[in-house]
Structure formats: C-alpha cells, structure tokens
$ cat input.cif   # mmCIF, C-alpha atoms and all ligand atoms
data_input
loop_
_atom_site.label_atom_id
_atom_site.label_comp_id
_atom_site.auth_asym_id
_atom_site.auth_seq_id
_atom_site.Cartn_x
_atom_site.Cartn_y
_atom_site.Cartn_z
CA MET Z 1 15.89 14.75 -46.45
CA VAL Z 2 14.70 11.99 -48.79
CA TRP Z 3 11.16 12.36 -47.48
CA VAL Z 4 11.15 16.14 -47.99
CA CYS Z 5 11.99 15.51 -51.67
CA ILE Z 6 9.25 12.87 -52.02
CA GLN Z 7 6.77 15.23 -50.37
CA GLY Z 8 7.84 18.02 -52.74
CA ALA Z 9 7.22 15.73 -55.72
CA PHE Z 10 3.74 14.91 -54.42
CA GLY Z 11 3.10 18.64 -53.99
CA ALA Z 12 3.88 19.14 -57.67
CA LEU Z 13 1.65 16.21 -58.65
CA THR Z 14 -1.33 17.63 -56.69
CA VAL Z 15 -1.22 20.59 -59.10
CA THR Z 16 -0.32 18.87 -62.37
CA MET Z 17 -2.87 16.08 -61.78
CA LYS Z 18 -5.57 18.66 -61.03
CA LEU Z 19 -6.31 17.76 -57.39
CA PHE Z 20 -6.59 14.02 -58.16
CA PRO Z 21 -8.08 12.82 -54.82
CA ALA Z 22 -5.72 9.84 -54.28
CA ILE Z 23 -2.65 12.03 -54.87
CA VAL Z 24 -3.86 14.84 -52.56
CA THR Z 25 -4.66 12.28 -49.85
CA MET Z 26 -1.19 10.77 -50.24
CA HIS Z 27 0.24 14.29 -49.95
CA LEU Z 28 -1.56 14.68 -46.60
CA MET Z 29 -0.28 11.27 -45.44
CA GLY Z 30 3.21 12.23 -46.61
CA ALA Z 31 3.06 15.38 -44.48
CA MET Z 32 2.07 13.28 -41.46
CA ILE Z 33 4.96 10.87 -42.15
CA LEU Z 34 7.40 13.80 -42.36
CA LEU Z 35 6.05 15.17 -39.07
CA SER Z 36 6.44 11.70 -37.52
CA LEU Z 37 10.06 11.41 -38.66
CA LEU Z 38 10.88 14.82 -37.16
CA ALA Z 39 9.05 13.93 -33.92
CA ALA Z 40 10.91 10.62 -33.63
CA GLN Z 41 14.20 12.46 -34.14
CA ALA Z 42 13.32 15.06 -31.48
CA VAL Z 43 12.43 12.33 -28.94
CA LYS Z 44 15.71 10.51 -29.71
CA TYR Z 45 17.67 13.70 -28.93
CA GLU Z 46 16.30 13.55 -25.39
CA GLN Z 47 18.33 10.33 -24.95
CA GLY Z 48 15.87 8.56 -22.69
CA ALA Z 49 15.54 11.47 -20.25
CA ARG Z 50 11.76 11.17 -20.06
CA ASP Z 51 11.30 7.41 -20.51
CA PHE Z 52 8.64 5.73 -18.37
CA SER Z 53 7.68 2.16 -17.61
CA ALA Z 54 4.39 0.71 -18.83
CA THR Z 55 2.72 -2.67 -19.16
CA ARG Z 56 2.93 -4.67 -22.39
CA ASN Z 57 -0.84 -4.46 -22.58
CA LEU Z 58 -0.77 -0.67 -22.69
CA ARG Z 59 1.97 -0.62 -25.30
CA ASN Z 60 0.06 -3.00 -27.58
CA LEU Z 61 -3.16 -1.04 -27.12
CA LEU Z 62 -1.53 2.30 -27.88
CA PHE Z 63 0.23 0.79 -30.87
CA ALA Z 64 -3.06 -0.57 -32.25
CA GLY Z 65 -4.78 2.79 -31.59
CA PHE Z 66 -1.92 4.55 -33.39
CA ALA Z 67 -2.34 2.26 -36.42
CA LEU Z 68 -6.08 2.98 -36.50
CA LEU Z 69 -5.34 6.70 -36.20
CA TRP Z 70 -3.40 6.53 -39.49
CA LEU Z 71 -6.35 4.86 -41.17
CA GLN Z 72 -8.69 7.52 -39.77
CA ILE Z 73 -6.39 10.25 -41.12
CA ALA Z 74 -6.44 8.63 -44.56
CA LEU Z 75 -10.25 8.43 -44.39
CA GLY Z 76 -10.40 12.11 -43.35
CA GLY Z 77 -8.13 13.02 -46.26
CA TRP Z 78 -10.52 11.10 -48.53
CA VAL Z 79 -13.46 13.15 -47.19
CA SER Z 80 -11.60 16.38 -47.71
CA THR Z 81 -10.11 15.64 -51.14
CA ASN Z 82 -13.46 14.45 -52.52
CA TYR Z 83 -15.23 17.51 -51.07
CA ALA Z 84 -17.56 15.07 -49.30
CA VAL Z 85 -17.90 17.25 -46.20
CA LEU Z 86 -21.18 18.79 -47.33
CA ALA Z 87 -22.79 15.41 -48.13
CA CYS Z 88 -24.03 15.46 -44.51
CA THR Z 89 -24.85 18.81 -42.95
CA GLU Z 90 -26.32 17.51 -39.70
CA PHE Z 91 -25.22 15.30 -36.81
CA PRO Z 92 -25.68 12.53 -35.70
CA LYS Z 93 -28.11 11.93 -38.57
CA CYS Z 94 -27.15 12.51 -42.19
CA GLN Z 95 -29.67 13.70 -44.80
CA ASP Z 96 -32.32 13.37 -42.08
CA ALA Z 97 -31.73 9.60 -41.84
CA TRP Z 98 -29.80 7.34 -39.45
CA VAL Z 99 -28.76 5.23 -42.43
CA PRO Z 100 -28.73 7.44 -45.54
CA ASN Z 101 -28.48 6.15 -49.10
CA MET Z 102 -24.80 5.21 -49.59
CA ASN Z 103 -22.71 3.68 -52.35
CA PHE Z 104 -19.49 2.32 -50.84
CA ARG Z 105 -18.10 0.78 -54.01
CA GLU Z 106 -18.30 4.09 -55.88
CA GLY Z 107 -17.12 6.14 -52.89
CA PHE Z 108 -14.04 3.99 -52.35
CA GLU Z 109 -12.99 3.64 -55.97
CA ILE Z 110 -9.52 5.04 -55.39
CA TRP Z 111 -8.03 5.79 -58.81
CA ARG Z 112 -10.30 8.37 -60.44
CA GLU Z 113 -10.39 12.09 -61.11
CA LEU Z 114 -11.95 14.61 -58.76
CA GLY Z 115 -15.75 14.53 -59.00
CA ALA Z 116 -15.72 11.64 -61.47
CA ARG Z 117 -16.16 7.87 -61.46
CA GLY Z 118 -13.46 5.59 -62.87
CA ASP Z 119 -15.25 5.66 -66.26
CA GLY Z 120 -15.25 9.48 -66.31
CA SER Z 121 -18.96 10.02 -65.55
CA SER Z 122 -19.93 12.27 -62.61
CA ILE Z 123 -19.76 10.89 -59.10
CA ALA Z 124 -23.18 10.70 -57.36
CA LEU Z 125 -24.28 11.89 -53.90
CA PRO Z 126 -24.57 8.36 -52.36
CA ALA Z 127 -20.85 7.85 -53.03
CA LEU Z 128 -19.92 11.10 -51.24
CA THR Z 129 -22.30 10.19 -48.41
CA ALA Z 130 -20.56 6.82 -47.95
CA ILE Z 131 -17.16 8.56 -47.77
CA HIS Z 132 -18.43 11.02 -45.14
CA VAL Z 133 -20.24 8.44 -42.98
CA VAL Z 134 -17.34 5.95 -42.94
CA HIS Z 135 -15.04 8.67 -41.52
CA ARG Z 136 -17.61 9.44 -38.81
CA MET Z 137 -18.12 5.80 -37.88
CA PHE Z 138 -14.45 4.93 -37.88
CA ALA Z 139 -13.90 7.87 -35.48
CA LEU Z 140 -15.91 5.92 -32.89
CA ILE Z 141 -13.41 3.04 -33.03
CA VAL Z 142 -10.46 5.44 -32.76
CA PHE Z 143 -12.07 7.28 -29.84
CA GLY Z 144 -12.67 3.96 -28.06
CA MET Z 145 -9.17 2.61 -28.63
CA LEU Z 146 -7.13 5.75 -27.93
CA GLY Z 147 -9.52 6.84 -25.17
CA TYR Z 148 -8.92 3.52 -23.37
CA ALA Z 149 -5.16 3.84 -23.92
CA ALA Z 150 -5.32 7.36 -22.39
CA TRP Z 151 -7.16 5.95 -19.37
CA LEU Z 152 -4.49 3.23 -18.89
CA LEU Z 153 -1.73 5.82 -19.28
CA TYR Z 154 -3.41 7.90 -16.59
CA LYS Z 155 -3.68 4.90 -14.26
CA GLN Z 156 0.01 4.10 -14.82
CA GLY Z 157 1.05 7.60 -13.73
CA GLN Z 158 1.41 9.24 -17.16
CA SER Z 159 -1.24 11.90 -16.66
CA ARG Z 160 0.40 14.40 -19.06
CA ALA Z 161 0.32 12.07 -22.07
CA ALA Z 162 -3.15 10.85 -21.05
CA ILE Z 163 -4.58 14.37 -20.85
CA TRP Z 164 -3.04 15.31 -24.20
CA ILE Z 165 -4.55 12.28 -25.94
CA ALA Z 166 -7.98 12.69 -24.33
CA GLY Z 167 -7.97 16.46 -24.96
CA LEU Z 168 -7.02 16.05 -28.61
CA LEU Z 169 -9.72 13.40 -29.12
CA LEU Z 170 -12.26 15.88 -27.76
CA TRP Z 171 -10.78 18.57 -30.02
CA GLN Z 172 -11.24 16.26 -33.03
CA LEU Z 173 -14.86 15.70 -32.11
CA ILE Z 174 -15.58 19.43 -31.67
CA THR Z 175 -13.77 20.56 -34.83
CA GLY Z 176 -15.15 17.63 -36.89
CA LEU Z 177 -18.67 18.49 -35.77
CA SER Z 178 -18.10 22.20 -36.48
CA ASN Z 179 -17.11 21.30 -40.05
CA VAL Z 180 -20.42 19.51 -40.44
CA VAL Z 181 -22.91 21.79 -38.73
CA LEU Z 182 -21.31 25.18 -39.42
CA GLY Z 183 -20.94 24.58 -43.16
CA TRP Z 184 -17.19 23.84 -43.29
CA PRO Z 185 -15.54 27.06 -42.00
CA LEU Z 186 -11.82 27.30 -42.77
CA LEU Z 187 -10.88 27.65 -39.10
CA ALA Z 188 -12.63 24.38 -38.18
CA ALA Z 189 -11.08 22.56 -41.16
CA VAL Z 190 -7.54 23.72 -40.31
CA SER Z 191 -8.03 23.04 -36.58
CA HIS Z 192 -9.23 19.52 -37.40
CA THR Z 193 -6.11 18.79 -39.48
CA GLY Z 194 -3.95 20.29 -36.69
CA GLY Z 195 -5.65 18.08 -34.08
CA ALA Z 196 -4.92 14.97 -36.14
CA ALA Z 197 -1.25 16.02 -36.39
CA GLY Z 198 -1.21 16.62 -32.62
CA LEU Z 199 -2.48 13.08 -31.99
CA VAL Z 200 0.26 11.66 -34.21
CA LEU Z 201 2.88 13.62 -32.24
CA VAL Z 202 1.63 12.64 -28.78
CA CYS Z 203 1.29 8.95 -29.72
CA ILE Z 204 4.80 8.83 -31.19
CA ALA Z 205 6.31 10.49 -28.12
CA ALA Z 206 4.45 8.13 -25.75
CA LEU Z 207 5.30 5.01 -27.77
CA MET Z 208 8.98 5.91 -27.99
CA ARG Z 209 9.35 6.82 -24.33
CA MET Z 210 7.46 3.77 -23.13
CA GLN Z 211 9.59 1.05 -21.54
CA THR Z 212 8.10 -2.40 -21.07
CA ASP Z 213 10.22 -5.07 -19.38
CA GLU Z 214 11.45 -6.39 -22.75
CA THR Z 215 12.24 -2.99 -24.30
CA ALA Z 216 14.15 -1.98 -21.17
CA GLN Z 217 16.24 -5.18 -21.36
CA HIS Z 218 16.80 -4.69 -25.08
CA LYS Z 219 17.96 -1.08 -24.56
CA PHE Z 220 20.24 -2.11 -21.73
CA ALA Z 221 21.83 -4.83 -23.86
CA LYS Z 222 22.36 -2.32 -26.70
CA HIS Z 223 23.77 0.53 -24.65
CA LYS Z 224 25.55 -1.18 -21.76
CA PRO Z 225 29.13 0.03 -21.34
CA SER Z 226 31.68 -2.30 -22.93
CA HIS Z 227 33.41 -3.17 -19.63
CA LEU Z 228 30.14 -4.81 -18.50
CA LYS Z 229 30.58 -7.39 -21.26
CA LEU Z 230 33.35 -8.92 -19.17
CA VAL Z 231 31.06 -9.51 -16.19
C1 LIG R 301 -9.80 10.75 -33.97
C2 LIG R 301 -10.73 11.32 -34.69
C3 LIG R 301 -10.52 12.01 -35.99
C4 LIG R 301 -9.37 12.19 -36.73
C5 LIG R 301 -7.95 11.77 -36.40
C6 LIG R 301 -9.75 12.91 -37.92
C7 LIG R 301 -8.87 13.30 -38.93
C8 LIG R 301 -9.21 13.98 -40.07
C9 LIG R 301 -8.30 14.43 -41.09
C10 LIG R 301 -6.78 14.23 -41.08
C11 LIG R 301 -9.01 15.05 -42.06
C12 LIG R 301 -8.46 15.64 -43.37
C13 LIG R 301 -8.15 17.10 -43.20
C14 LIG R 301 -7.45 17.68 -44.40
O1 LIG R 301 -7.45 17.10 -45.48
O2 LIG R 301 -6.85 18.75 -44.27
C15 LIG R 301 -10.40 15.03 -41.66
C16 LIG R 301 -11.44 15.58 -42.36
C17 LIG R 301 -12.74 15.67 -41.90
N1 LIG R 301 -13.24 15.14 -40.71
FE1 LIG R 301 -12.21 14.13 -39.33
N2 LIG R 301 -11.11 13.14 -37.89
C18 LIG R 301 -11.62 12.61 -36.73
C19 LIG R 301 -12.95 12.64 -36.30
C20 LIG R 301 -13.98 13.27 -36.95
C21 LIG R 301 -15.35 13.36 -36.51
C22 LIG R 301 -15.87 12.76 -35.19
C23 LIG R 301 -16.05 14.06 -37.44
C24 LIG R 301 -17.49 14.47 -37.49
C25 LIG R 301 -18.37 14.27 -36.59
C26 LIG R 301 -15.12 14.41 -38.49
C27 LIG R 301 -15.46 15.13 -39.63
C28 LIG R 301 -14.58 15.46 -40.62
C29 LIG R 301 -14.95 16.23 -41.80
C30 LIG R 301 -16.33 16.79 -42.09
C31 LIG R 301 -13.79 16.36 -42.58
C32 LIG R 301 -13.63 17.11 -43.91
C33 LIG R 301 -13.06 18.49 -43.60
C34 LIG R 301 -12.46 19.14 -44.82
O3 LIG R 301 -12.80 18.78 -45.95
O4 LIG R 301 -11.62 20.04 -44.63
N3 LIG R 301 -13.89 13.91 -38.17
N4 LIG R 301 -10.50 14.36 -40.44
#
$ encode --input "input.cif" --output "structure tokens" --more "lines below"
Ligand code: HEM
Amino acid sequence: MVWVCIQGAFGALTVTMKLFPAIVTMHLMGAMILLSLLAAQAVKYEQGARDFSATRNLRNLLFAGFALLWLQIALGGWVSTNYAVLACTEFPKCQDAWVPNMNFREGFEIWRELGARGDGSSIALPALTAIHVVHRMFALIVFGMLGYAAWLLYKQGQSRAAIWIAGLLLWQLITGLSNVVLGWPLLAAVSHTGGAAGLVLVCIAALMRMQTDETAQHKFAKHKPSHLKLV
C-alpha cells in the first residue's frame, strides 16, 4: 500500500518534472519493485507447496544474477528515458564501428534535464551512444550469469524455472535487437519491458522456493510445532 502511494507520487513527478530522465527511470524501477512485492506475496500464499531443494552454489549464483538484472533494468530505463535507442541503429556494430565515439561521463551524468547536460547545454551524440552501448554490453554479463543459473536449475531437476529463465533471456535478446534494427517499434519496446518484468518474476519465485540445507533448517526452526520444543 505504501509502495503504491510512492509509485503514484513518482508518476506525478514524471509529468511535473517534464520527463526528467532520472525520475522516469526511478518510476520504472518503482514499478518493478511493486511487481516484486506482489510476486513475493503470491509465493508466500502458496505456503511452501512448491519448494525445492538446491545447492548453496546455485542460490548464490541466482542471487547474484538477480542483482545484476536490476542493474540491467536501470540501464535499460536510462536508454529509454534518454531516447538513446536510436544512437545505434545496427547490431552488433554501432555507427558502423565496433567501438564508436562515446562519452561516458556525459552519458552517465544522472541529475540533468531531458536532452540537456548538467549545465543546461544540449547533450551530444557520443553521450547517447555510451548509454546505448553500456546497456548492450551489460546484457552479455546478465545473459552469462542467469544463463548459467538456468543450466544449474535444469541439472538440479527444476526444468520449468530453467526454461522460463532461458526463454525470457532469448526474448530479451530478440526484442532488444528488434528495437535497434527495426527503428524502435512500439510492440518491440513494450515486449522488451514485459520480458524484463517476466525475468524479475521468475527469479523471485525461484529464489523464494529454493531450499538449501541452511534455509530448510531455518524454516523448520521457525515453523516447528510448539510441542516439538519439549523434545
Ligand atoms: C537480460 C537482458 C536485458 C534486460 C533485462 C533489458 C531490460 C531493459 C529495460 C527494462 C528497458 C527499459 C524499457 C522501458 O523503459 O520501458 C530496456 C530498454 C532497451 N533495451 Fe534492453 N534489456 C536487455 C537486453 C538488451 C539487449 C541485448 C539489447 C540490444 C541488443 C537491448 C536493447 C534495448 C534498447 C534499444 C532499449 C530502449 C528501448 C526503448 O527506449 O523503449 N536490451 N531494456
């Protein structure tokens, strides 16, 4: 309830602050946080019905991949809110170069108006290129991390979660590429945001249902019937 109100306030700010990129990106992150809270609540209602056991290694890996996913979502929001999608209209090259002219300091100056530098002058193409390319490159790390976690999930008998994660990663690649090479069609943009939300949901469900030896012991200690305390 509190988060819905915060998200509503950010929605108002996106308008009153004239699509200020940092605020619009925070609004996107806020929506993902709200979705996560609802997902966590839904999994809790299942009361452990679909819990599964996993190694500590897998849990740590999935957790790290999940953290990187949030960073990738923030970077994607930064691409979108700065309208940096059209800085590169080809793939895998950008502006016909493997390493195009980029200005990272200008691109990642967070507190500034849309299309402007911190001092109010117009933002230049190398800044938008840096924003675009960083999102592409960081995707490789996320693909590697979550892809490996999906493989371990599959090997530990959780083929459903594994297929969802692998499928959604592929979906992100296809829709991300479509944004670039098809000139940013609305359907590709919306599908790409939806895919990111799907990854958040699947990771939360898998992380919450996962039981390593320690979490199983901890849960048992928390929920064991009171008469067992006497034993
Ligand atoms: C795990 C991988 C990825 C995730 C989680 C992800 C997530 C996101 C998110 C959340 C956005 C913001 C959407 C919005 O504001 O509504 C975004 C934008 C974008 N992403 Fe990705 N992305 C991934 C991979 C890729 C790849 C591989 C490419 C290109 C090859 C790509 C290209 C883009 C582009 C061009 C935009 C801007 C679209 C727009 O302005 O609407 N993304 N991404």
$ residues_near_ligand --input "input.cif" --ligand "ligand LIG 301 (chain R)" --cutoff "7 Å" --atoms "all atoms listed in the file" --output "VMD selection string"
chain Z and resid 28 69 72 to 74 76 to 77 79 to 81 83 to 85 91 132 135 to 136 139 142 to 143 169 172 to 173 176 to 177 179 to 180 184 189 to 190 192 to 193 196
$ closest_residue --input "input.cif" --among "Z:Leu38, Z:Leu152, Z:Val43, Z:Ile23" --to "Glu113 of chain Z" --atoms "all atoms listed in the file"
Z:Ile23
$ closest_atom_pairs --input "input.cif" --of "segment 83-112 of chain Z" --to "segment 15-21 of chain Z" --cutoff "10 Å" --atoms "all atoms listed in the file" --output "JSON lines"
{"residue": "Z:Tyr83", "atom": "CA", "partner": "Z:Pro21", "partner_atom": "CA", "distance": 9.3}
{"residue": "Z:Ile110", "atom": "CA", "partner": "Z:Pro21", "partner_atom": "CA", "distance": 7.9}
{"residue": "Z:Trp111", "atom": "CA", "partner": "Z:Pro21", "partner_atom": "CA", "distance": 8.1}
{"residue": "Z:Arg112", "atom": "CA", "partner": "Z:Phe20", "partner_atom": "CA", "distance": 7.1}
$ write_last_selection --input "input.cif" --atoms "C-alpha atoms" --output "tab-separated table (two decimals), in the coordinates of the input"
chain	number	residue	atom	x	y	z
Z	83	TYR	CA	-15.23	17.51	-51.07
Z	110	ILE	CA	-9.52	5.04	-55.39
Z	111	TRP	CA	-8.03	5.79	-58.81
Z	112	ARG	CA	-10.30	8.37	-60.44
$ atom_distance --input "input.cif" --atom1 "atom CA of Trp98 of chain Z" --atom2 "atom CA of Leu71 of chain Z"
23.6 Å
$ closest_residue --input "input.cif" --among "Z:Ile174, Z:Ile123, Z:Ala205, Z:Ala149" --to "Tyr45 of chain Z" --atoms "all atoms listed in the file"
Z:Ala205
$ closest_residue --input "input.cif" --among "Z:Thr129, Z:Thr89, Z:Thr212, Z:Ser178" --to "Phe104 of chain Z" --atoms "all atoms listed in the file"
Z:Thr129
$ closest_residue --input "input.cif" --among "Z:Gly30, Z:Gly65, Z:Gly194, Z:Gly118" --to "Gln7 of chain Z" --atoms "only C-alpha atoms"
Z:Gly30
$ closest_residue --input "input.cif" --among "Z:Leu114, Z:Val133, Z:Ala42, Z:Leu13" --to "Asn101 of chain Z" --atoms "all atoms listed in the file"
Z:Val133
$ decode --input "input.cif" --residues "segment 13-87 of chain Z" --atoms "C-alpha atoms" --output "mmCIF file, in the first residue's frame"
data_model
loop_
_atom_site.group_PDB
_atom_site.id
_atom_site.type_symbol
_atom_site.label_atom_id
_atom_site.label_comp_id
_atom_site.auth_asym_id
_atom_site.auth_seq_id
_atom_site.Cartn_x
_atom_site.Cartn_y
_atom_site.Cartn_z
ATOM 1 C CA LEU Z 13 6.729 13.853 -10.797
ATOM 2 C CA THR Z 14 7.382 12.333 -14.252
ATOM 3 C CA VAL Z 15 4.844 14.840 -15.597
ATOM 4 C CA THR Z 16 5.597 17.898 -13.470
ATOM 5 C CA MET Z 17 9.372 17.490 -13.958
ATOM 6 C CA LYS Z 18 8.887 17.180 -17.729
ATOM 7 C CA LEU Z 19 10.175 13.619 -18.237
ATOM 8 C CA PHE Z 20 13.333 14.258 -16.182
ATOM 9 C CA PRO Z 21 15.301 11.068 -17.089
ATOM 10 C CA ALA Z 22 16.351 10.118 -13.521
ATOM 11 C CA ILE Z 23 12.759 10.439 -12.262
ATOM 12 C CA VAL Z 24 11.267 8.415 -15.157
ATOM 13 C CA THR Z 25 13.907 5.703 -14.637
ATOM 14 C CA MET Z 26 13.084 5.614 -10.919
ATOM 15 C CA HIS Z 27 9.405 5.309 -11.862
ATOM 16 C CA LEU Z 28 10.260 2.218 -13.947
ATOM 17 C CA MET Z 29 12.316 0.771 -11.068
ATOM 18 C CA GLY Z 30 9.459 1.556 -8.685
ATOM 19 C CA ALA Z 31 7.063 -0.402 -10.903
ATOM 20 C CA MET Z 32 9.449 -3.377 -10.841
ATOM 21 C CA ILE Z 33 9.684 -3.135 -7.034
ATOM 22 C CA LEU Z 34 5.876 -3.096 -6.753
ATOM 23 C CA LEU Z 35 5.672 -6.132 -9.045
ATOM 24 C CA SER Z 36 8.306 -7.870 -6.893
ATOM 25 C CA LEU Z 37 6.384 -7.182 -3.675
ATOM 26 C CA LEU Z 38 3.198 -8.619 -5.198
ATOM 27 C CA ALA Z 39 5.092 -11.651 -6.538
ATOM 28 C CA ALA Z 40 6.700 -12.305 -3.146
ATOM 29 C CA GLN Z 41 3.269 -12.109 -1.520
ATOM 30 C CA ALA Z 42 1.771 -14.532 -4.071
ATOM 31 C CA VAL Z 43 4.586 -17.061 -3.498
ATOM 32 C CA LYS Z 44 4.119 -16.771 0.287
ATOM 33 C CA TYR Z 45 0.412 -17.637 -0.099
ATOM 34 C CA GLU Z 46 1.449 -20.990 -1.540
ATOM 35 C CA GLN Z 47 2.891 -21.812 1.915
ATOM 36 C CA GLY Z 48 5.843 -23.840 0.698
ATOM 37 C CA ALA Z 49 3.759 -26.096 -1.563
ATOM 38 C CA ARG Z 50 6.227 -25.848 -4.442
ATOM 39 C CA ASP Z 51 9.524 -25.505 -2.557
ATOM 40 C CA PHE Z 52 12.510 -27.390 -3.972
ATOM 41 C CA SER Z 53 15.994 -28.187 -2.751
ATOM 42 C CA ALA Z 54 19.050 -26.652 -4.390
ATOM 43 C CA THR Z 55 22.755 -26.273 -3.718
ATOM 44 C CA ARG Z 56 24.138 -23.173 -1.986
ATOM 45 C CA ASN Z 57 26.171 -22.530 -5.115
ATOM 46 C CA LEU Z 58 23.051 -22.269 -7.255
ATOM 47 C CA ARG Z 59 21.318 -19.997 -4.767
ATOM 48 C CA ASN Z 60 24.290 -17.617 -4.636
ATOM 49 C CA LEU Z 61 24.602 -17.598 -8.416
ATOM 50 C CA LEU Z 62 20.911 -16.901 -8.967
ATOM 51 C CA PHE Z 63 21.004 -14.209 -6.311
ATOM 52 C CA ALA Z 64 23.983 -12.510 -7.988
ATOM 53 C CA GLY Z 65 22.287 -12.804 -11.409
ATOM 54 C CA PHE Z 66 19.127 -11.285 -9.924
ATOM 55 C CA ALA Z 67 21.124 -8.327 -8.553
ATOM 56 C CA LEU Z 68 22.736 -7.775 -11.966
ATOM 57 C CA LEU Z 69 19.295 -7.995 -13.585
ATOM 58 C CA TRP Z 70 18.185 -4.976 -11.529
ATOM 59 C CA LEU Z 71 21.205 -3.030 -12.705
ATOM 60 C CA GLN Z 72 20.464 -4.018 -16.309
ATOM 61 C CA ILE Z 73 16.857 -2.842 -15.897
ATOM 62 C CA ALA Z 74 18.087 0.508 -14.572
ATOM 63 C CA LEU Z 75 20.484 0.786 -17.537
ATOM 64 C CA GLY Z 76 17.619 -0.063 -19.928
ATOM 65 C CA GLY Z 77 15.464 2.587 -18.288
ATOM 66 C CA TRP Z 78 18.337 5.037 -18.800
ATOM 67 C CA VAL Z 79 18.441 4.156 -22.528
ATOM 68 C CA SER Z 80 14.714 4.588 -22.858
ATOM 69 C CA THR Z 81 14.322 7.783 -20.810
ATOM 70 C CA ASN Z 82 17.202 9.497 -22.641
ATOM 71 C CA TYR Z 83 15.806 8.405 -26.019
ATOM 72 C CA ALA Z 84 19.211 6.818 -26.682
ATOM 73 C CA VAL Z 85 17.748 3.878 -28.601
ATOM 74 C CA LEU Z 86 18.382 5.455 -31.999
ATOM 75 C CA ALA Z 87 22.029 6.295 -31.216
#
